[in-house]
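In what follows, a single structure is set out as structure tokens and then discussed.
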Amino acid sequence: MNAQTPFSRRAFLRSASSGFGWLAFAALAHREAARAADVSLAAQVPHFPARAKRVIFLCMRGGPSHVDLLDHKPELAKRDGQSASLNRDSAGAKLLGPVNPFRQNGQSGLWLSDTLPGLAQHADDLCVINSMHTDLPNHAQAFGQMHTGSFQFVRPSLGAWTLYGLGSANANLPGFITLNPPADNGGARNYGSAFLPAVYQGTKLGGSQIPDLYAALMGKSEEPGPPLKNISNERLPRELQRAQLDLIRGLNEHKLAREVFQPEVEGAIESFELAFRMQDEVPNVLDLRSEPASMFKLYGIGGGQDQFARQCLLARRLAEAGVRFIEITAPVHWDHHNLLRSSLTKSCAATDGPISALLTDLKQRGMLKDTLVIWAGEFGRTPYAQGVDGRDHNHRGYSLWMAGGGVRGGMAHGATDDIGHRAVENPVHIHDWHATLLHLLGLDHKRLTYNYGGRSFRLTNVYGNVVKDILT
């Protein structure tokens, strides 16, 4: 609510004293505030025709090793064991060749590591950016910059900007959902709305609810799917719930009318309304048991250690139901400072099959063409060894991939140097990447702004260029 709200303390007292009554006032407040909330979350017309309608972001926390997965470097293999001498950080270090062989895949001949056999089946759908770079090699700062564009300040997340720009495609579901977000590396800041209205922040599934959430996901609970706490009220029928909520809304609207600006109260009002509507749809969307056995087999669900597979299947269901932005944080960690060979193999084994299944599933349903799937970590790893069998952080050059949603498939864009240390050909900064993601969603990153504290802010700050070469 804002300064133009029709409710004031005087109007409230006059209505109450005249016998207008609490419930009638609350009902009127409900209609007005619901109208405002509906405007905030209503589907918006993009700046130009969008290639993608929704995003599924597969977040690989920890910094996957690009030179062992996506960035084919024969020269690094040849120089395995030689002195690195790249900078002061590498003094005394030895170059470490890729721990597994690469091969070309698909009609495009895209180079991928043998540790990604499932992903290799989709080589012709993948757009690999091998020239990514970011500002700092520290997890917390790089993770925050990947999600918000800033490593220093609290800023709205990519998902929040997306929802702000496009609105929700389903009024009964959150427009931005994050599955199993980490509590470290900035925690809620990575899916928060910062100075944007609270209605645009991400809805968390997992995190503090992980035991309950995954007991259900793993079939060890009678819940139909990952539970949302207090999603329904078994003590009151729907009509009385509505009356109760209207009364609470009336009290909150009275407070807003008195104090004019109170974003916490506005957020509470919008959250209550969304939660009320969610009762109708959320239980069915989260009920994985409604999927046929063929889907469980495709995703590899049923083996006991299939948490990520269930998350991927749930992401497809959420996308199908109209959720605009879905983020999945992989349960495995990619911060391989040691034991690289064995750890990387385990991380790939836990994620490669489900990701392949997700791409297959989306493609079979005709959804991949307008769903942008992203696989990315906050940075990459060094071409030189850390210790005997590990790699340190590398922010100067690394890789990510995207599929569907208007990106060209079967291509590798940009390049690092001969050993994978630094982006040297068509470098893509985080700001460029963010500008490109918004462009695919039909949003001009320079026009998608929000005035706060007398300044117009945007996701890309004052930087960023759309990487046009990767667009269809």
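In the structure tokens, the first chain shown is A, the next is B, and so on; residue numbers restart at 1 for each chain, and ligands run from 1 in the order shown.
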Given only C-alpha atoms, how would the per-residue table for region 386-439 of chain A near region 331-347 of chain A read, listing every residue at most 12 Å away with its closest atom pair and distance in Å to one decimal, sorted by chain and number, as a Markdown table?
| residue | atom | partner | partner_atom | distance |
| --- | --- | --- | --- | --- |
| A:Gln386 | CA | A:His337 | CA | 6.4 |
| A:Gly387 | CA | A:Asn338 | CA | 6.9 |
| A:Val388 | CA | A:Asn338 | CA | 7.3 |
| A:Asp389 | CA | A:Asn338 | CA | 5.1 |
| A:Gly390 | CA | A:Asn338 | CA | 3.8 |
| A:Arg391 | CA | A:His337 | CA | 5.0 |
| A:Asp392 | CA | A:His337 | CA | 5.7 |
| A:His393 | CA | A:Asp335 | CA | 8.2 |
| A:Asn394 | CA | A:Asp335 | CA | 11.2 |
Could you write out the selected residues, including N, CA and C atoms, as a PDB file, in the first residue's frame?
ATOM      1  N   GLN A 386      46.064 -27.755  -6.484  1.00  0.00           N
ATOM      2  CA  GLN A 386      46.175 -27.343  -5.084  1.00  0.00           C
ATOM      3  C   GLN A 386      46.436 -28.617  -4.288  1.00  0.00           C
ATOM      4  N   GLY A 387      47.588 -28.663  -3.640  1.00  0.00           N
ATOM      5  CA  GLY A 387      47.965 -29.904  -2.992  1.00  0.00           C
ATOM      6  C   GLY A 387      48.284 -30.959  -4.039  1.00  0.00           C
ATOM      7  N   VAL A 388      47.962 -32.185  -3.730  1.00  0.00           N
ATOM      8  CA  VAL A 388      48.258 -33.285  -4.642  1.00  0.00           C
ATOM      9  C   VAL A 388      47.156 -33.450  -5.682  1.00  0.00           C
ATOM     10  N   ASP A 389      45.898 -33.338  -5.265  1.00  0.00           N
ATOM     11  CA  ASP A 389      44.780 -33.682  -6.137  1.00  0.00           C
ATOM     12  C   ASP A 389      43.605 -32.760  -5.843  1.00  0.00           C
ATOM     13  N   GLY A 390      43.736 -31.510  -6.233  1.00  0.00           N
ATOM     14  CA  GLY A 390      42.663 -30.551  -6.020  1.00  0.00           C
ATOM     15  C   GLY A 390      42.885 -29.309  -6.865  1.00  0.00           C
ATOM     16  N   ARG A 391      41.915 -28.416  -6.867  1.00  0.00           N
ATOM     17  CA  ARG A 391      42.045 -27.151  -7.600  1.00  0.00           C
ATOM     18  C   ARG A 391      41.493 -26.023  -6.729  1.00  0.00           C
ATOM     19  N   ASP A 392      42.113 -24.855  -6.824  1.00  0.00           N
ATOM     20  CA  ASP A 392      41.673 -23.687  -6.073  1.00  0.00           C
ATOM     21  C   ASP A 392      40.612 -22.926  -6.877  1.00  0.00           C
ATOM     22  N   HIS A 393      40.091 -21.847  -6.291  1.00  0.00           N
ATOM     23  CA  HIS A 393      39.079 -21.024  -6.940  1.00  0.00           C
ATOM     24  C   HIS A 393      39.684 -20.263  -8.120  1.00  0.00           C
ATOM     25  N   ASN A 394      38.871 -20.072  -9.148  1.00  0.00           N
ATOM     26  CA  ASN A 394      39.297 -19.288 -10.307  1.00  0.00           C
ATOM     27  C   ASN A 394      38.125 -18.461 -10.817  1.00  0.00           C
TER      28      ASN A 394
END
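Excluding Cys59 (chain A) itself and same-chain residues fewer than 4 positions from it, the residues having an atom within 10 Å of it are Gly63, Phe143, Met146, His147, Pro181, Glu327, Ile328, Thr329, Ala330, Pro331, Ile374, Trp375, Ala376, Gly377 and Glu378 of chain A, counting only C-alpha atoms.
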### Query
In terms of the shortest atom-to-atom distance over only C-alpha atoms, which of A:Val265, A:Ala183, A:Met132, A:Val323 is closest to Gly250 (chain A)?
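Among A:Val265, A:Ala183, A:Met132, A:Val323, it is A:Val265 that comes nearest to Gly250 (chain A).
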### Message
To one decimal place in Å, what is the distance between CA of Tyr299 (chain A) and CA of Leu358 (chain A)?
### Response
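Spanning CA of Tyr299 (chain A) to CA of Leu358 (chain A) is a straight-line distance of 7.4 Å.
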### Message
DSSP on the backbone, strand (DSSP E or B) only: what residues of region 35-162 of chain A does that give? Format it as an NGL selection string.
### Response
:A and (54-59 or 83 or 94-95 or 102-105 or 110-113 or 126-133)
### Task
Rank nothing, just name the residue among A:Gln279, A:Thr162, A:Asn190, A:Thr360 nearest to Leu437 (chain A), using only C-alpha atoms.
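Closest candidate: A:Thr162.
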### Query
What is the CA of Gly405 (chain A)-CA of Phe176 (chain A) distance in Å, reported with one decimal?
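Taking CA of Gly405 (chain A) and CA of Phe176 (chain A), their separation equals 17.4 Å.
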### Task
Show which residues sit within 10 Å of Met411 (chain A), as a list in words. Count only C-alpha atoms, and ignore same-chain residues fewer than 4 positions away.
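So, after excluding close chain neighbours, the residues are Ser108, Gly109, Leu110, Trp111, Ala123, Asp124, Asp125, Leu126, Cys127, Val128, Ile129, Trp401, Val407 and Ile470 of chain A.
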The selected residues should be written to file as an mmCIF file, in the first residue's frame (atoms: N, CA and C atoms).
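Output file out.cif follows:
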data_model
loop_
_atom_site.group_PDB
_atom_site.id
_atom_site.type_symbol
_atom_site.label_atom_id
_atom_site.label_comp_id
_atom_site.auth_asym_id
_atom_site.auth_seq_id
_atom_site.Cartn_x
_atom_site.Cartn_y
_atom_site.Cartn_z
ATOM 1 N N SER A 108 26.706 -31.474 -33.429
ATOM 2 C CA SER A 108 27.488 -30.245 -33.302
ATOM 3 C C SER A 108 28.938 -30.520 -32.938
ATOM 4 N N GLY A 109 29.228 -31.699 -32.391
ATOM 5 C CA GLY A 109 30.579 -32.005 -31.964
ATOM 6 C C GLY A 109 31.018 -31.265 -30.719
ATOM 7 N N LEU A 110 30.076 -30.922 -29.864
ATOM 8 C CA LEU A 110 30.379 -30.176 -28.646
ATOM 9 C C LEU A 110 31.240 -31.018 -27.703
ATOM 10 N N TRP A 111 32.321 -30.428 -27.203
ATOM 11 C CA TRP A 111 33.218 -31.132 -26.306
ATOM 12 C C TRP A 111 32.673 -31.141 -24.890
ATOM 13 N N ALA A 123 23.779 -32.626 -26.197
ATOM 14 C CA ALA A 123 24.820 -31.696 -26.646
ATOM 15 C C ALA A 123 24.286 -30.675 -27.645
ATOM 16 N N ASP A 124 23.403 -31.085 -28.528
ATOM 17 C CA ASP A 124 22.915 -30.183 -29.565
ATOM 18 C C ASP A 124 21.895 -29.168 -29.046
ATOM 19 N N ASP A 125 21.504 -29.296 -27.783
ATOM 20 C CA ASP A 125 20.611 -28.316 -27.157
ATOM 21 C C ASP A 125 21.367 -27.342 -26.254
ATOM 22 N N LEU A 126 22.660 -27.613 -26.030
ATOM 23 C CA LEU A 126 23.412 -26.847 -25.039
ATOM 24 C C LEU A 126 24.130 -25.658 -25.660
ATOM 25 N N CYS A 127 24.093 -24.553 -24.944
ATOM 26 C CA CYS A 127 24.918 -23.398 -25.260
ATOM 27 C C CYS A 127 25.897 -23.240 -24.101
ATOM 28 N N VAL A 128 27.160 -23.572 -24.332
ATOM 29 C CA VAL A 128 28.182 -23.504 -23.298
ATOM 30 C C VAL A 128 28.939 -22.187 -23.440
ATOM 31 N N ILE A 129 28.968 -21.411 -22.376
ATOM 32 C CA ILE A 129 29.772 -20.189 -22.364
ATOM 33 C C ILE A 129 31.068 -20.502 -21.631
ATOM 34 N N TRP A 401 26.497 -23.504 -18.693
ATOM 35 C CA TRP A 401 25.715 -23.807 -19.889
ATOM 36 C C TRP A 401 24.258 -23.424 -19.699
ATOM 37 N N VAL A 407 18.178 -19.767 -26.644
ATOM 38 C CA VAL A 407 19.628 -19.789 -26.858
ATOM 39 C C VAL A 407 19.961 -20.813 -27.943
ATOM 40 N N ILE A 470 24.720 -15.732 -28.934
ATOM 41 C CA ILE A 470 24.184 -17.005 -28.468
ATOM 42 C C ILE A 470 22.671 -17.090 -28.630
#
### Query
Of the residues A:Ile419, A:Asp89, A:Ile355, A:Trp161, which is the one nearest to Arg447 (chain A), using only C-alpha atoms?
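Using only C-alpha atoms, the shortest distance to Arg447 (chain A) belongs to A:Trp161.
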### Query
Can you tell me, as a ChimeraX atom specification, what residues are no more than 7 Å from Ile326 (chain A) when counting only C-alpha atoms, ignoring any on the same chain fewer than 4 positions away?
/A:55-57,176-178,315
### Message
Just want the 12 Å neighbourhood of Arg324 (chain A), counted on only C-alpha atoms, with same-chain residues fewer than 4 positions away dropped. Output as a VMD selection string.
### Response
chain A and resid 41 to 44 52 to 57 158 to 171 173 to 178 200 202 to 203 315 to 320 370 to 372 441
### Query
Using only C-alpha atoms, which residues sit within 8 Å of Leu245 (chain A) once same-chain residues fewer than 4 positions away are excluded, as a list of chain:residue names?
A:Gln241, A:Arg249, A:Phe272
Please, could you write that set of residues out with N, CA and C atoms as a PDB file, in the first residue's frame?
ATOM      1  N   GLN A 241     -12.192 -18.829   7.406  1.00  0.00           N
ATOM      2  CA  GLN A 241     -10.807 -18.445   7.169  1.00  0.00           C
ATOM      3  C   GLN A 241     -10.748 -17.109   6.432  1.00  0.00           C
ATOM      4  N   ARG A 249      -6.455  -8.373   7.811  1.00  0.00           N
ATOM      5  CA  ARG A 249      -6.098  -7.412   6.777  1.00  0.00           C
ATOM      6  C   ARG A 249      -6.581  -6.013   7.151  1.00  0.00           C
ATOM      7  N   PHE A 272      -0.151 -13.347   3.278  1.00  0.00           N
ATOM      8  CA  PHE A 272      -1.377 -13.993   3.769  1.00  0.00           C
ATOM      9  C   PHE A 272      -2.328 -14.299   2.618  1.00  0.00           C
TER      10      PHE A 272
END
### Among the residues A:Ala403, A:Met295, A:Ala385, A:Leu119, the one that comes closest to Gly353 (chain A) [using only C-alpha atoms]
A:Leu119
